[in-house]
file run_37.cif (mmCIF, C-alpha atoms and all ligand atoms)
data_coords
#
loop_
_atom_site.label_atom_id
_atom_site.label_comp_id
_atom_site.auth_asym_id
_atom_site.auth_seq_id
_atom_site.Cartn_x
_atom_site.Cartn_y
_atom_site.Cartn_z
CA MET A 1 6.82 -12.38 -25.58
CA THR A 2 9.52 -11.25 -23.19
CA ILE A 3 8.25 -8.18 -21.34
CA ARG A 4 11.02 -5.59 -21.03
CA VAL A 5 10.88 -3.93 -17.60
CA GLY A 6 12.51 -0.72 -16.36
CA PHE A 7 12.82 0.91 -12.95
CA TYR A 8 12.64 4.57 -12.00
CA GLY A 9 14.21 4.42 -8.52
CA THR A 10 16.56 1.74 -7.25
CA GLY A 11 16.09 2.11 -3.48
CA LEU A 12 14.67 -0.16 -0.82
CA ILE A 13 11.26 -1.05 -2.23
CA SER A 14 12.65 -1.65 -5.72
CA GLN A 15 14.56 -4.58 -4.23
CA MET A 16 11.30 -6.19 -3.10
CA HIS A 17 9.81 -5.74 -6.58
CA ARG A 18 12.95 -7.19 -8.16
CA PHE A 19 12.56 -10.23 -5.89
CA PHE A 20 8.89 -10.62 -6.85
CA LEU A 21 9.75 -10.26 -10.55
CA ALA A 22 12.40 -12.96 -10.29
CA ASP A 23 9.80 -15.23 -8.65
CA SER A 24 6.95 -14.32 -11.03
CA ARG A 25 7.30 -17.16 -13.56
CA VAL A 26 6.19 -14.70 -16.29
CA ASP A 27 8.59 -14.19 -19.20
CA HIS A 28 10.30 -10.85 -18.62
CA GLU A 29 13.67 -9.16 -18.36
CA VAL A 30 14.64 -6.11 -16.32
CA VAL A 31 16.59 -4.27 -18.99
CA ALA A 32 17.10 -0.71 -17.69
CA VAL A 33 17.15 1.36 -14.51
CA HIS A 34 17.38 5.06 -13.77
CA ASP A 35 18.19 6.77 -10.49
CA PRO A 36 19.83 10.18 -9.96
CA ASP A 37 21.88 8.41 -7.28
CA ALA A 38 24.40 7.04 -9.82
CA ASP A 39 25.98 4.53 -7.39
CA ARG A 40 22.63 2.98 -6.59
CA ALA A 41 21.70 2.82 -10.26
CA ALA A 42 25.01 1.18 -11.16
CA ASP A 43 24.71 -1.40 -8.37
CA ALA A 44 21.15 -2.28 -9.37
CA ALA A 45 22.08 -2.50 -13.05
CA ALA A 46 25.03 -4.75 -12.28
CA SER A 47 22.98 -7.13 -10.14
CA LEU A 48 20.22 -7.32 -12.78
CA GLY A 49 22.37 -7.50 -15.90
CA ALA A 50 20.59 -4.29 -16.98
CA VAL A 51 21.84 -0.89 -18.10
CA ALA A 52 21.78 2.30 -16.04
CA VAL A 53 20.46 5.02 -18.34
CA GLY A 54 18.96 8.51 -18.33
CA GLU A 55 15.32 9.20 -17.56
CA ASP A 56 14.21 9.63 -21.19
CA GLU A 57 16.41 6.91 -22.64
CA LEU A 58 14.81 4.33 -20.36
CA LEU A 59 11.46 4.83 -22.07
CA ASP A 60 12.93 3.77 -25.44
CA LEU A 61 14.01 0.41 -24.01
CA VAL A 62 11.03 -0.98 -22.09
CA ASP A 63 7.41 -2.17 -22.24
CA ALA A 64 6.62 -1.58 -18.57
CA VAL A 65 8.03 0.69 -15.85
CA TYR A 66 8.09 0.42 -12.05
CA VAL A 67 7.98 3.84 -10.35
CA THR A 68 9.71 3.35 -7.01
CA THR A 69 11.01 6.85 -6.38
CA TRP A 70 10.02 9.01 -3.42
CA THR A 71 6.41 10.09 -3.63
CA SER A 72 6.66 13.65 -5.02
CA GLU A 73 8.27 12.31 -8.23
CA HIS A 74 5.51 9.78 -8.98
CA PRO A 75 3.06 12.06 -10.90
CA ARG A 76 5.63 13.54 -13.27
CA LEU A 77 7.15 10.16 -14.13
CA VAL A 78 3.77 8.47 -14.55
CA GLU A 79 2.77 11.20 -17.04
CA LYS A 80 5.90 10.53 -19.10
CA ILE A 81 5.36 6.76 -19.06
CA ALA A 82 1.67 7.04 -19.99
CA ALA A 83 2.48 9.50 -22.80
CA ARG A 84 4.62 6.75 -24.35
CA GLY A 85 1.80 4.20 -24.00
CA LEU A 86 3.78 1.99 -21.59
CA ALA A 87 2.42 -0.07 -18.70
CA VAL A 88 3.13 1.35 -15.25
CA PHE A 89 3.37 -0.01 -11.71
CA CYS A 90 3.52 2.92 -9.26
CA GLU A 91 4.24 2.69 -5.57
CA LYS A 92 1.84 4.06 -2.98
CA PRO A 93 1.01 6.78 -2.18
CA LEU A 94 0.40 7.69 -5.80
CA ALA A 95 0.94 11.35 -4.93
CA VAL A 96 1.19 13.70 -1.98
CA ASP A 97 -2.53 14.58 -2.21
CA ALA A 98 -5.76 13.13 -3.59
CA ALA A 99 -6.28 15.80 -6.26
CA THR A 100 -2.97 14.85 -7.87
CA ALA A 101 -3.80 11.15 -7.52
CA GLN A 102 -7.09 11.83 -9.36
CA HIS A 103 -5.13 13.55 -12.14
CA MET A 104 -2.89 10.47 -12.40
CA VAL A 105 -5.97 8.26 -12.75
CA ASP A 106 -7.20 10.50 -15.56
CA VAL A 107 -3.79 10.37 -17.27
CA VAL A 108 -3.49 6.57 -17.30
CA THR A 109 -7.16 6.13 -18.19
CA GLU A 110 -6.92 8.49 -21.17
CA ALA A 111 -3.70 6.83 -22.32
CA GLY A 112 -5.32 3.38 -21.94
CA VAL A 113 -2.22 1.87 -20.31
CA VAL A 114 -2.12 -1.06 -17.89
CA ASN A 115 -1.63 0.42 -14.41
CA GLN A 116 -1.19 -1.03 -10.95
CA VAL A 117 -0.48 0.50 -7.53
CA GLY A 118 1.63 -0.91 -4.68
CA LEU A 119 -1.19 -1.35 -2.15
CA ILE A 120 0.43 -4.60 -1.24
CA LEU A 121 -1.42 -5.40 1.97
CA ARG A 122 -4.37 -6.57 -0.12
CA SER A 123 -2.21 -9.53 -1.15
CA TRP A 124 -0.75 -10.32 2.30
CA ALA A 125 -2.55 -13.47 3.47
CA PRO A 126 -3.95 -12.20 6.81
CA PHE A 127 -5.97 -9.41 5.15
CA PRO A 128 -7.87 -11.37 2.45
CA LEU A 129 -8.54 -14.01 5.13
CA LEU A 130 -9.95 -11.45 7.57
CA ARG A 131 -12.13 -9.99 4.81
CA ASP A 132 -13.40 -13.47 4.01
CA LEU A 133 -14.11 -14.29 7.67
CA ILE A 134 -16.28 -11.21 8.21
CA ARG A 135 -18.20 -11.81 4.96
CA ASP A 136 -19.37 -15.21 6.29
CA GLU A 137 -23.06 -14.94 7.18
CA ARG A 138 -22.31 -16.49 10.59
CA ALA A 139 -20.50 -13.25 11.52
CA GLY A 140 -23.46 -10.89 11.34
CA GLN A 141 -22.83 -7.15 11.09
CA VAL A 142 -19.39 -5.67 11.64
CA LEU A 143 -19.59 -3.57 14.81
CA ALA A 144 -16.11 -2.14 15.36
CA VAL A 145 -12.46 -2.41 14.33
CA VAL A 146 -9.34 -1.49 16.30
CA PHE A 147 -6.37 -1.11 13.93
CA ARG A 148 -2.89 -0.37 15.31
CA ASP A 149 0.11 0.18 13.08
CA ASP A 150 3.52 1.08 14.50
CA GLN A 151 6.96 1.46 13.00
CA TYR A 152 10.18 3.17 14.03
CA ILE A 153 10.42 6.51 12.27
CA PRO A 154 12.06 5.44 9.00
CA ASN A 155 14.79 8.08 8.76
CA GLN A 156 16.92 5.52 10.61
CA GLY A 157 17.58 1.77 10.71
CA HIS A 158 17.33 -0.21 7.49
CA TYR A 159 15.12 2.46 5.82
CA ALA A 160 17.69 5.23 6.48
CA SER A 161 15.50 7.49 4.43
CA THR A 162 15.93 11.27 4.51
CA TRP A 163 12.97 12.05 2.27
CA ARG A 164 10.35 10.54 4.65
CA VAL A 165 10.86 13.46 7.06
CA ASP A 166 10.80 16.04 4.23
CA ALA A 167 7.23 17.12 3.48
CA SER A 168 8.22 18.42 0.02
CA LYS A 169 9.04 14.83 -0.99
CA ALA A 170 6.76 12.71 1.25
CA GLY A 171 3.74 15.04 1.47
CA ARG A 172 2.89 14.18 5.08
CA GLY A 173 3.97 11.67 7.71
CA THR A 174 2.92 8.27 9.02
CA LEU A 175 -0.76 8.49 8.06
CA LEU A 176 -0.06 9.13 4.36
CA GLU A 177 3.32 7.49 3.89
CA HIS A 178 2.70 4.32 5.90
CA SER A 179 -0.94 4.00 6.95
CA ILE A 180 -2.50 4.70 3.56
CA HIS A 181 -2.22 0.90 3.39
CA ASP A 182 -4.38 0.60 6.53
CA VAL A 183 -6.99 3.10 5.34
CA ASP A 184 -7.17 1.22 2.04
CA ILE A 185 -7.62 -2.12 3.83
CA LEU A 186 -10.38 -0.69 6.04
CA GLN A 187 -12.43 0.60 3.09
CA TRP A 188 -11.65 -2.56 1.06
CA MET A 189 -13.00 -4.71 3.93
CA LEU A 190 -15.85 -2.56 5.21
CA GLY A 191 -17.09 -0.56 2.21
CA PRO A 192 -17.86 3.16 1.74
CA VAL A 193 -17.00 5.61 4.51
CA ARG A 194 -19.59 8.14 5.72
CA SER A 195 -17.49 10.31 7.99
CA VAL A 196 -13.93 10.63 9.34
CA SER A 197 -12.16 12.60 12.03
CA GLY A 198 -8.60 12.61 13.27
CA VAL A 199 -5.81 14.01 15.38
CA VAL A 200 -2.15 14.15 14.33
CA ARG A 201 1.02 15.11 16.22
CA GLU A 202 4.58 15.97 15.12
CA VAL A 203 6.55 14.82 18.17
CA HIS A 204 9.87 14.45 16.31
CA GLY A 205 9.60 18.08 15.18
CA HIS A 206 9.67 17.60 11.40
CA PRO A 207 7.22 20.15 9.94
CA ARG A 208 4.03 18.53 8.50
CA ILE A 209 5.44 15.06 9.23
CA ASP A 210 2.97 13.44 11.63
CA ASP A 211 4.43 10.70 13.80
CA VAL A 212 1.23 10.05 15.76
CA ALA A 213 -2.11 9.83 13.97
CA ALA A 214 -5.40 8.72 15.53
CA ALA A 215 -8.36 8.49 13.17
CA ARG A 216 -11.98 7.44 13.43
CA LEU A 217 -13.76 6.15 10.32
CA GLU A 218 -17.54 5.68 10.32
CA PHE A 219 -18.83 3.43 7.56
CA GLU A 220 -22.15 3.56 5.73
CA SER A 221 -22.79 0.06 7.12
CA GLY A 222 -22.71 1.48 10.67
CA ALA A 223 -19.32 -0.06 11.52
CA VAL A 224 -16.76 2.17 13.27
CA ALA A 225 -12.97 1.82 13.00
CA GLN A 226 -10.27 3.36 15.14
CA LEU A 227 -6.89 3.60 13.45
CA THR A 228 -3.76 4.48 15.41
CA SER A 229 -0.55 4.97 13.45
CA ILE A 230 2.72 5.66 15.26
CA TRP A 231 6.31 6.42 14.26
CA HIS A 232 8.43 5.89 17.39
CA ASP A 233 12.11 5.23 18.16
CA ILE A 234 11.87 1.59 19.21
CA LEU A 235 14.34 0.18 16.67
CA GLU A 236 13.31 -3.36 17.59
CA ARG A 237 9.90 -2.67 15.98
CA PRO A 238 10.41 -2.07 12.20
CA SER A 239 6.74 -2.33 11.12
CA LEU A 240 4.00 -4.16 12.99
CA ARG A 241 0.22 -4.23 12.76
CA ARG A 242 -2.55 -5.62 14.96
CA VAL A 243 -6.12 -5.59 13.70
CA GLU A 244 -9.06 -6.65 15.87
CA VAL A 245 -12.57 -6.96 14.46
CA PHE A 246 -15.79 -7.40 16.43
CA CYS A 247 -18.90 -8.51 14.56
CA GLU A 248 -22.23 -9.49 16.08
CA ARG A 249 -21.14 -13.15 16.21
CA LEU A 250 -17.43 -13.13 15.33
CA HIS A 251 -14.24 -11.99 17.00
CA ALA A 252 -11.20 -12.02 14.67
CA VAL A 253 -7.72 -10.67 15.14
CA ILE A 254 -4.59 -10.33 13.01
CA GLU A 255 -1.64 -10.50 15.38
CA GLY A 256 1.08 -10.56 12.70
CA ASP A 257 0.42 -8.74 9.43
CA LEU A 258 2.58 -10.90 7.14
CA PHE A 259 2.56 -14.49 8.44
CA GLY A 260 -0.10 -14.31 11.18
CA PRO A 261 -1.12 -15.56 13.61
CA VAL A 262 -4.74 -14.89 12.69
CA ARG A 263 -7.26 -15.99 15.35
CA TRP A 264 -11.04 -16.07 15.12
CA GLN A 265 -14.10 -17.42 16.87
CA TYR A 266 -17.75 -17.53 15.76
CA THR A 267 -20.49 -17.73 18.42
CA GLY A 268 -20.85 -21.31 19.68
CA GLU A 269 -17.68 -22.56 17.93
CA PRO A 270 -14.10 -23.15 19.17
CA GLU A 271 -11.41 -20.53 18.54
CA GLU A 272 -9.27 -21.21 15.46
CA MET A 273 -5.75 -20.00 14.68
CA VAL A 274 -3.52 -20.13 11.59
CA GLU A 275 -0.04 -18.83 10.85
CA ASN A 276 2.86 -19.34 8.41
CA ASP A 277 2.34 -22.22 5.95
CA GLY A 278 -1.06 -23.07 7.43
CA LEU A 279 -2.23 -19.51 6.76
CA ILE A 280 -1.09 -19.65 3.13
CA ALA A 281 -2.70 -23.08 2.63
CA LEU A 282 -6.01 -21.89 4.09
CA CYS A 283 -6.06 -18.83 1.80
CA ARG A 284 -5.40 -21.04 -1.21
CA ASP A 285 -8.17 -23.46 -0.12
CA ARG A 286 -10.57 -20.53 0.10
CA GLY A 287 -9.55 -19.30 -3.37
CA LEU A 288 -8.22 -15.99 -2.02
CA GLU A 289 -5.79 -13.94 -4.10
CA ILE A 290 -2.50 -13.70 -2.23
CA GLY A 291 1.17 -13.47 -3.07
CA ASN A 292 3.18 -12.04 -5.87
CA THR A 293 2.18 -8.55 -7.14
CA ALA A 294 4.71 -8.73 -9.99
CA ARG A 295 3.07 -11.89 -11.34
CA SER A 296 -0.36 -10.25 -11.48
CA PHE A 297 1.09 -7.09 -13.06
CA LEU A 298 3.10 -8.93 -15.73
CA GLN A 299 0.17 -11.24 -16.51
CA ALA A 300 -2.03 -8.16 -17.07
CA VAL A 301 0.64 -6.60 -19.32
CA GLU A 302 1.02 -9.87 -21.25
CA ALA A 303 -2.72 -10.21 -21.77
CA GLY A 304 -3.32 -6.47 -22.33
CA ARG A 305 -6.04 -6.47 -19.67
CA PRO A 306 -6.54 -4.26 -16.58
CA ALA A 307 -4.36 -4.93 -13.54
CA SER A 308 -5.51 -4.77 -9.93
CA PRO A 309 -5.39 -2.87 -7.67
CA ASP A 310 -5.21 -0.13 -10.28
CA PHE A 311 -4.80 3.62 -9.76
CA ALA A 312 -8.57 4.19 -9.65
CA GLU A 313 -8.95 1.59 -6.89
CA ALA A 314 -6.39 3.53 -4.85
CA LEU A 315 -8.34 6.81 -4.99
CA PRO A 316 -10.70 6.25 -2.04
CA ALA A 317 -7.75 5.70 0.31
CA HIS A 318 -6.11 8.93 -0.90
CA ARG A 319 -9.36 10.86 -0.41
CA LEU A 320 -9.90 9.42 3.07
CA VAL A 321 -6.33 10.25 4.14
CA ASP A 322 -6.77 13.84 2.87
CA ALA A 323 -10.06 14.11 4.78
CA ILE A 324 -8.49 12.83 8.03
CA TYR A 325 -5.72 15.43 7.70
CA ALA A 326 -8.36 18.11 6.97
CA SER A 327 -10.14 17.08 10.17
CA ALA A 328 -6.92 17.10 12.18
CA ASP A 329 -5.83 20.47 10.77
CA ALA A 330 -9.24 21.86 11.81
CA GLY A 331 -8.95 20.58 15.39
CA GLY A 332 -10.54 17.16 14.93
CA VAL A 333 -13.97 18.13 13.56
CA PRO A 334 -15.72 15.35 11.62
CA VAL A 335 -15.51 15.50 7.82
CA ASP A 336 -18.67 14.08 6.28
CA ASP A 337 -18.77 12.64 2.76
CA PRO A 338 -14.97 12.22 2.73
CA LEU A 339 -15.02 10.51 -0.64
CA GLY A 340 -16.06 13.89 -2.03
CA ALA A 341 -18.32 15.02 -4.80
CA ARG A 342 -16.36 13.28 -7.54
CA ALA A 343 -16.96 9.56 -7.22
CA PRO A 344 -13.99 7.27 -7.85
CA THR A 345 -13.83 6.29 -11.50
N1 LIG A 401 4.24 -0.78 -0.79
C1 LIG A 401 5.00 -0.69 0.29
O1 LIG A 401 4.80 -1.42 1.25
C2 LIG A 401 6.12 0.32 0.32
C3 LIG A 401 7.17 0.13 1.20
C4 LIG A 401 8.22 1.05 1.19
C5 LIG A 401 8.17 2.14 0.32
N2 LIG A 401 7.10 2.32 -0.49
C6 LIG A 401 7.03 3.48 -1.40
O2 LIG A 401 8.02 3.33 -2.40
C7 LIG A 401 8.59 4.59 -2.74
C8 LIG A 401 10.11 4.52 -2.55
O3 LIG A 401 10.40 4.18 -1.20
P1 LIG A 401 11.82 3.54 -0.81
O4 LIG A 401 11.70 3.05 0.58
O5 LIG A 401 12.25 2.57 -1.85
O6 LIG A 401 12.74 4.85 -0.86
P2 LIG A 401 14.33 4.88 -1.09
O7 LIG A 401 14.78 6.20 -0.56
O8 LIG A 401 14.98 3.65 -0.57
O9 LIG A 401 14.48 4.87 -2.68
C9 LIG A 401 13.96 5.90 -3.49
C10 LIG A 401 14.92 6.07 -4.66
O10 LIG A 401 14.30 6.91 -5.64
C11 LIG A 401 15.34 7.64 -6.26
N3 LIG A 401 14.78 8.75 -7.05
C12 LIG A 401 14.36 9.96 -6.63
N4 LIG A 401 13.91 10.69 -7.67
C13 LIG A 401 14.04 9.91 -8.79
C14 LIG A 401 13.74 10.08 -10.17
N5 LIG A 401 13.20 11.21 -10.65
N6 LIG A 401 14.01 9.06 -11.02
C15 LIG A 401 14.55 7.91 -10.57
N7 LIG A 401 14.84 7.67 -9.27
C16 LIG A 401 14.59 8.67 -8.38
C17 LIG A 401 16.23 8.04 -5.11
O11 LIG A 401 17.51 8.46 -5.50
C18 LIG A 401 16.26 6.74 -4.30
O12 LIG A 401 17.33 5.90 -4.67
C19 LIG A 401 7.88 5.62 -1.89
O13 LIG A 401 6.78 6.19 -2.58
C20 LIG A 401 7.34 4.80 -0.72
O14 LIG A 401 6.18 5.35 -0.13
C21 LIG A 401 6.10 1.42 -0.52
#
call {"tool": "encode", "arguments": {"input": "run_37.cif", "output": "structure tokens", "more": "lines below"}}
Ligand SMILES: NC(=O)c1ccc[n+]([C@@H]2O[C@H](COP(=O)([O-])OP(=O)(O)OC[C@H]3O[C@@H](n4cnc5c(N)ncnc54)[C@H](O)[C@@H]3O)[C@@H](O)[C@H]2O)c1
result
Amino acid sequence: MTIRVGFYGTGLISQMHRFFLADSRVDHEVVAVHDPDADRAADAAASLGAVAVGEDELLDLVDAVYVTTWTSEHPRLVEKIAARGLAVFCEKPLAVDAATAQHMVDVVTEAGVVNQVGLILRSWAPFPLLRDLIRDERAGQVLAVVFRDDQYIPNQGHYASTWRVDASKAGRGTLLEHSIHDVDILQWMLGPVRSVSGVVREVHGHPRIDDVAAARLEFESGAVAQLTSIWHDILERPSLRRVEVFCERLHAVIEGDLFGPVRWQYTGEPEEMVENDGLIALCRDRGLEIGNTARSFLQAVEAGRPASPDFAEALPAHRLVDAIYASADAGGVPVDDPLGARAPT
């Protein structure tokens, strides 16, 4: 069957999803797009051979919808899509706060629709490899992680986005909008979090839009992670991460978040390094899931089975981000049990 796909939102990230779809090798057709920016919608429709239509009309034409609007619009659109029983891929963050994200989980669960979230770092080769390296029994316990993520503030350069400095559309700043990926990776790699604390600053002067965030996450395993997330004005640095992990008998570091290098050394063994094609080949050899998020989404839609990561899998990251902001807003006091009373479904 040809899966008919629609897009709510035809901005920057929709272009990446359109590229992944074209490369997915799953039978589909992007048939309709909607964006209140009529020029953008028309351009996208023309390049896809699709039609630009109204918000409600789109739902009559498709089997699955990508929600790639700014964040504050995600919950409302997801509700409409789920009410029609259609599959949905929604960008991260799901919503501007964890309570709304929980509601979205409830909505898609009750509707029984295939759902997937754009926590794309889980499929970028360096991260599954790092997770695999620390799970090797030679590593011993994870002791500490130093995670740095920096990007020029994205209201300029190729993002040129106005909404990212508007808290009514983005919710908050770099920690939520950008580093929810990092928080998700940390809990995906290291397991449940016992306590968090944090400090945020708004140096650029946009209310509630943090451009410096420093967080500490303590894990039930005993591991401790420091996350530093920065929005600066160094236009030569669009988005870069460095992740360094110390275990009892392993040192591993991601120096480039997309293509490596990744370096590691177990006690008594030589240092190893992979990057580019070698990195991809090693992940494939190890049977790690990397690559095309559109392929996994469409395959789930085709088979009528759950997709991954789904909305429920994204909830811990939303709760942790909320808890770090709560700590920061209260002067940096630790927040224990940040995953809250209601366990992720
Ligand atoms: N997974 C990732 O790595 C990643 C990267 C970038 C952005 N994102 C997320 O993707 C989303 C979009 O980001 P972007 O960079 O593409 O922003 P963008 O500004 O380039 O595009 C957003 C588009 O949504 C449109 N829009 C707003 N309300 C709409 C509605 N009700 N219906 C249809 N379209 C609507 C806007 O007109 C705009 O064209 C955000 O939630 C962002 O956090 C994720």
call {"tool": "residues_around", "arguments": {"input": "run_37.cif", "residues": "Val117 of chain A", "least_positions_apart": "4", "cutoff": "8 Å", "atoms": "only C-alpha atoms", "output": "compact mmCIF listing (two decimals) with C-alpha atoms, in the frame of the given file"}}
result
# COMPACT_ATOMS: atom_id res chain seq x y z
CA PHE A 89 3.37 -0.01 -11.71
CA CYS A 90 3.52 2.92 -9.26
CA GLU A 91 4.24 2.69 -5.57
CA LYS A 92 1.84 4.06 -2.98
CA LEU A 94 0.40 7.69 -5.80
CA SER A 308 -5.51 -4.77 -9.93
CA PRO A 309 -5.39 -2.87 -7.67
CA ASP A 310 -5.21 -0.13 -10.28
CA PHE A 311 -4.80 3.62 -9.76
CA ALA A 314 -6.39 3.53 -4.85
call {"tool": "closest_atom_pairs", "arguments": {"input": "run_37.cif", "of": "chain A", "to": "ligand LIG 401 (chain A)", "cutoff": "8 Å", "atoms": "only C-alpha atoms and all ligand atoms", "output": "tab-separated table"}}
result
residue	atom	partner	partner_atom	distance
A:Phe7	CA	A:LIG401	C15	7.6
A:Tyr8	CA	A:LIG401	C15	4.1
A:Gly9	CA	A:LIG401	N7	3.4
A:Thr10	CA	A:LIG401	O12	5.0
A:Gly11	CA	A:LIG401	O9	3.3
A:Leu12	CA	A:LIG401	O5	3.8
A:Ile13	CA	A:LIG401	O5	3.8
A:Ser14	CA	A:LIG401	O5	5.7
A:Gln15	CA	A:LIG401	O5	7.9
A:His34	CA	A:LIG401	C15	5.1
A:Asp35	CA	A:LIG401	N7	3.7
A:Pro36	CA	A:LIG401	O11	5.3
A:Asp37	CA	A:LIG401	O11	4.7
A:Arg40	CA	A:LIG401	O12	6.3
A:Ala41	CA	A:LIG401	O12	7.7
A:Glu55	CA	A:LIG401	N6	6.7
A:Val67	CA	A:LIG401	C7	7.7
A:Thr68	CA	A:LIG401	C7	4.6
A:Thr69	CA	A:LIG401	O10	3.4
A:Trp70	CA	A:LIG401	C19	4.3
A:Thr71	CA	A:LIG401	O13	4.1
A:Ser72	CA	A:LIG401	O13	7.8
A:Glu73	CA	A:LIG401	N5	5.6
A:His74	CA	A:LIG401	O13	7.4
A:Leu77	CA	A:LIG401	N5	7.1
A:Glu91	CA	A:LIG401	O2	5.0
A:Lys92	CA	A:LIG401	O14	5.3
A:Pro93	CA	A:LIG401	O14	5.7
A:Leu94	CA	A:LIG401	O13	7.3
A:Gly118	CA	A:LIG401	N1	4.7
A:Leu119	CA	A:LIG401	N1	5.6
A:Ile120	CA	A:LIG401	N1	5.4
A:Leu121	CA	A:LIG401	O1	7.4
A:Tyr159	CA	A:LIG401	O4	6.3
A:Ala160	CA	A:LIG401	O7	7.7
A:Ser161	CA	A:LIG401	O7	5.2
A:Thr162	CA	A:LIG401	O7	7.3
A:Trp163	CA	A:LIG401	O7	6.7
A:Ala170	CA	A:LIG401	O14	7.5
A:Glu177	CA	A:LIG401	O14	5.4
A:His178	CA	A:LIG401	O14	7.0
A:His181	CA	A:LIG401	O1	7.7
call {"tool": "closest_residue", "arguments": {"input": "run_37.cif", "among": "A:Asn292, A:Val88, A:His251, A:Gly256", "to": "Pro270 of chain A", "atoms": "only C-alpha atoms"}}
result
A:His251
call {"tool": "residues_around", "arguments": {"input": "run_37.cif", "residues": "segment 141-157 of chain A", "least_positions_apart": "6", "cutoff": "6 Å", "atoms": "all atoms listed in the file", "output": "list in words"}}
result
Ala223, Val224, Ala225, Gln226, Leu227, Thr228, Ser229, Ile230, Trp231, His232, Asp233, Ile234, Leu235, Arg237, Pro238, Ser239, Leu240, Arg241, Arg242, Val243, Glu244, Val245, Phe246, Cys247 and Glu248 of chain A
call {"tool": "closest_residue", "arguments": {"input": "run_37.cif", "among": "A:Ala330, A:Ala95, A:Val253, A:Ala303", "to": "Ala317 of chain A", "atoms": "all atoms listed in the file"}}
result
A:Ala95
call {"tool": "atom_distance", "arguments": {"input": "run_37.cif", "atom1": "atom CA of Asp184 of chain A", "atom2": "atom CA of Val5 of chain A"}}
result
27.2 Å
call {"tool": "residues_around", "arguments": {"input": "run_37.cif", "residues": "Pro338 of chain A", "least_positions_apart": "2", "cutoff": "12 Å", "atoms": "only C-alpha atoms", "output": "PyMOL selection string"}}
result
chain A and resi 98+187+192-197+217-220+315-327+334-336+340-344
call {"tool": "closest_residue", "arguments": {"input": "run_37.cif", "among": "A:Arg249, A:Lys80, A:Arg18, A:Arg25", "to": "Ala45 of chain A", "atoms": "only C-alpha atoms"}}
result
A:Arg18
call {"tool": "closest_atom_pairs", "arguments": {"input": "run_37.cif", "of": "segment 76-144 of chain A", "to": "segment 258-264 of chain A", "cutoff": "12 Å", "atoms": "all atoms listed in the file", "output": "tab-separated table"}}
result
residue	atom	partner	partner_atom	distance
A:Ile120	CA	A:Leu258	CA	10.7
A:Leu121	CA	A:Leu258	CA	8.5
A:Arg122	CA	A:Leu258	CA	10.9
A:Ser123	CA	A:Leu258	CA	9.7
A:Trp124	CA	A:Leu258	CA	5.9
A:Ala125	CA	A:Leu258	CA	6.8
A:Pro126	CA	A:Gly260	CA	6.2
A:Phe127	CA	A:Leu258	CA	8.9
A:Pro128	CA	A:Val262	CA	11.3
A:Leu129	CA	A:Val262	CA	8.5
A:Leu130	CA	A:Val262	CA	8.1
A:Arg131	CA	A:Val262	CA	11.9
A:Asp132	CA	A:Trp264	CA	11.7
A:Leu133	CA	A:Trp264	CA	8.3
A:Ile134	CA	A:Trp264	CA	9.9
A:Ala139	CA	A:Trp264	CA	10.5
call {"tool": "closest_residue", "arguments": {"input": "run_37.cif", "among": "A:Ala215, A:Ala64, A:Ala44, A:Ala294", "to": "Arg84 of chain A", "atoms": "all atoms listed in the file"}}
result
A:Ala64
call {"tool": "atom_distance", "arguments": {"input": "run_37.cif", "atom1": "atom CA of Phe20 of chain A", "atom2": "atom CA of Asp166 of chain A"}}
result
28.9 Å
call {"tool": "residues_around", "arguments": {"input": "run_37.cif", "residues": "Gln265 of chain A", "least_positions_apart": "4", "cutoff": "8 Å", "atoms": "only C-alpha atoms", "output": "PyMOL selection string"}}
result
chain A and resi 250-252+269-272
call {"tool": "write_last_selection", "arguments": {"input": "run_37.cif", "atoms": "C-alpha atoms", "output": "PDB file, keeping the file's coordinate frame"}}
result
ATOM      1  CA  LEU A 250     -17.430 -13.130  15.330  1.00  0.00           C
ATOM      2  CA  HIS A 251     -14.240 -11.990  17.000  1.00  0.00           C
ATOM      3  CA  ALA A 252     -11.200 -12.020  14.670  1.00  0.00           C
ATOM      4  CA  GLU A 269     -17.680 -22.560  17.930  1.00  0.00           C
ATOM      5  CA  PRO A 270     -14.100 -23.150  19.170  1.00  0.00           C
ATOM      6  CA  GLU A 271     -11.410 -20.530  18.540  1.00  0.00           C
ATOM      7  CA  GLU A 272      -9.270 -21.210  15.460  1.00  0.00           C
TER       8      GLU A 272
END
call {"tool": "atom_distance", "arguments": {"input": "run_37.cif", "atom1": "atom CA of Gly54 of chain A", "atom2": "atom CA of Lys169 of chain A"}}
result
21.0 Å
call {"tool": "closest_residue", "arguments": {"input": "run_37.cif", "among": "A:Ala214, A:Leu59, A:Ala99, A:Val26", "to": "Val301 of chain A", "atoms": "all atoms listed in the file"}}
result
A:Val26
call {"tool": "residues_near_point", "arguments": {"input": "run_37.cif", "point": "(-3.3, 9.2, -20.1)", "cutoff": "8 Å", "atoms": "all atoms listed in the file", "output": "list in words"}}
result
Glu79, Ala82, Ala83, Met104, Val105, Asp106, Val107, Val108, Thr109, Glu110, Ala111, Gly112 and Val113 of chain A
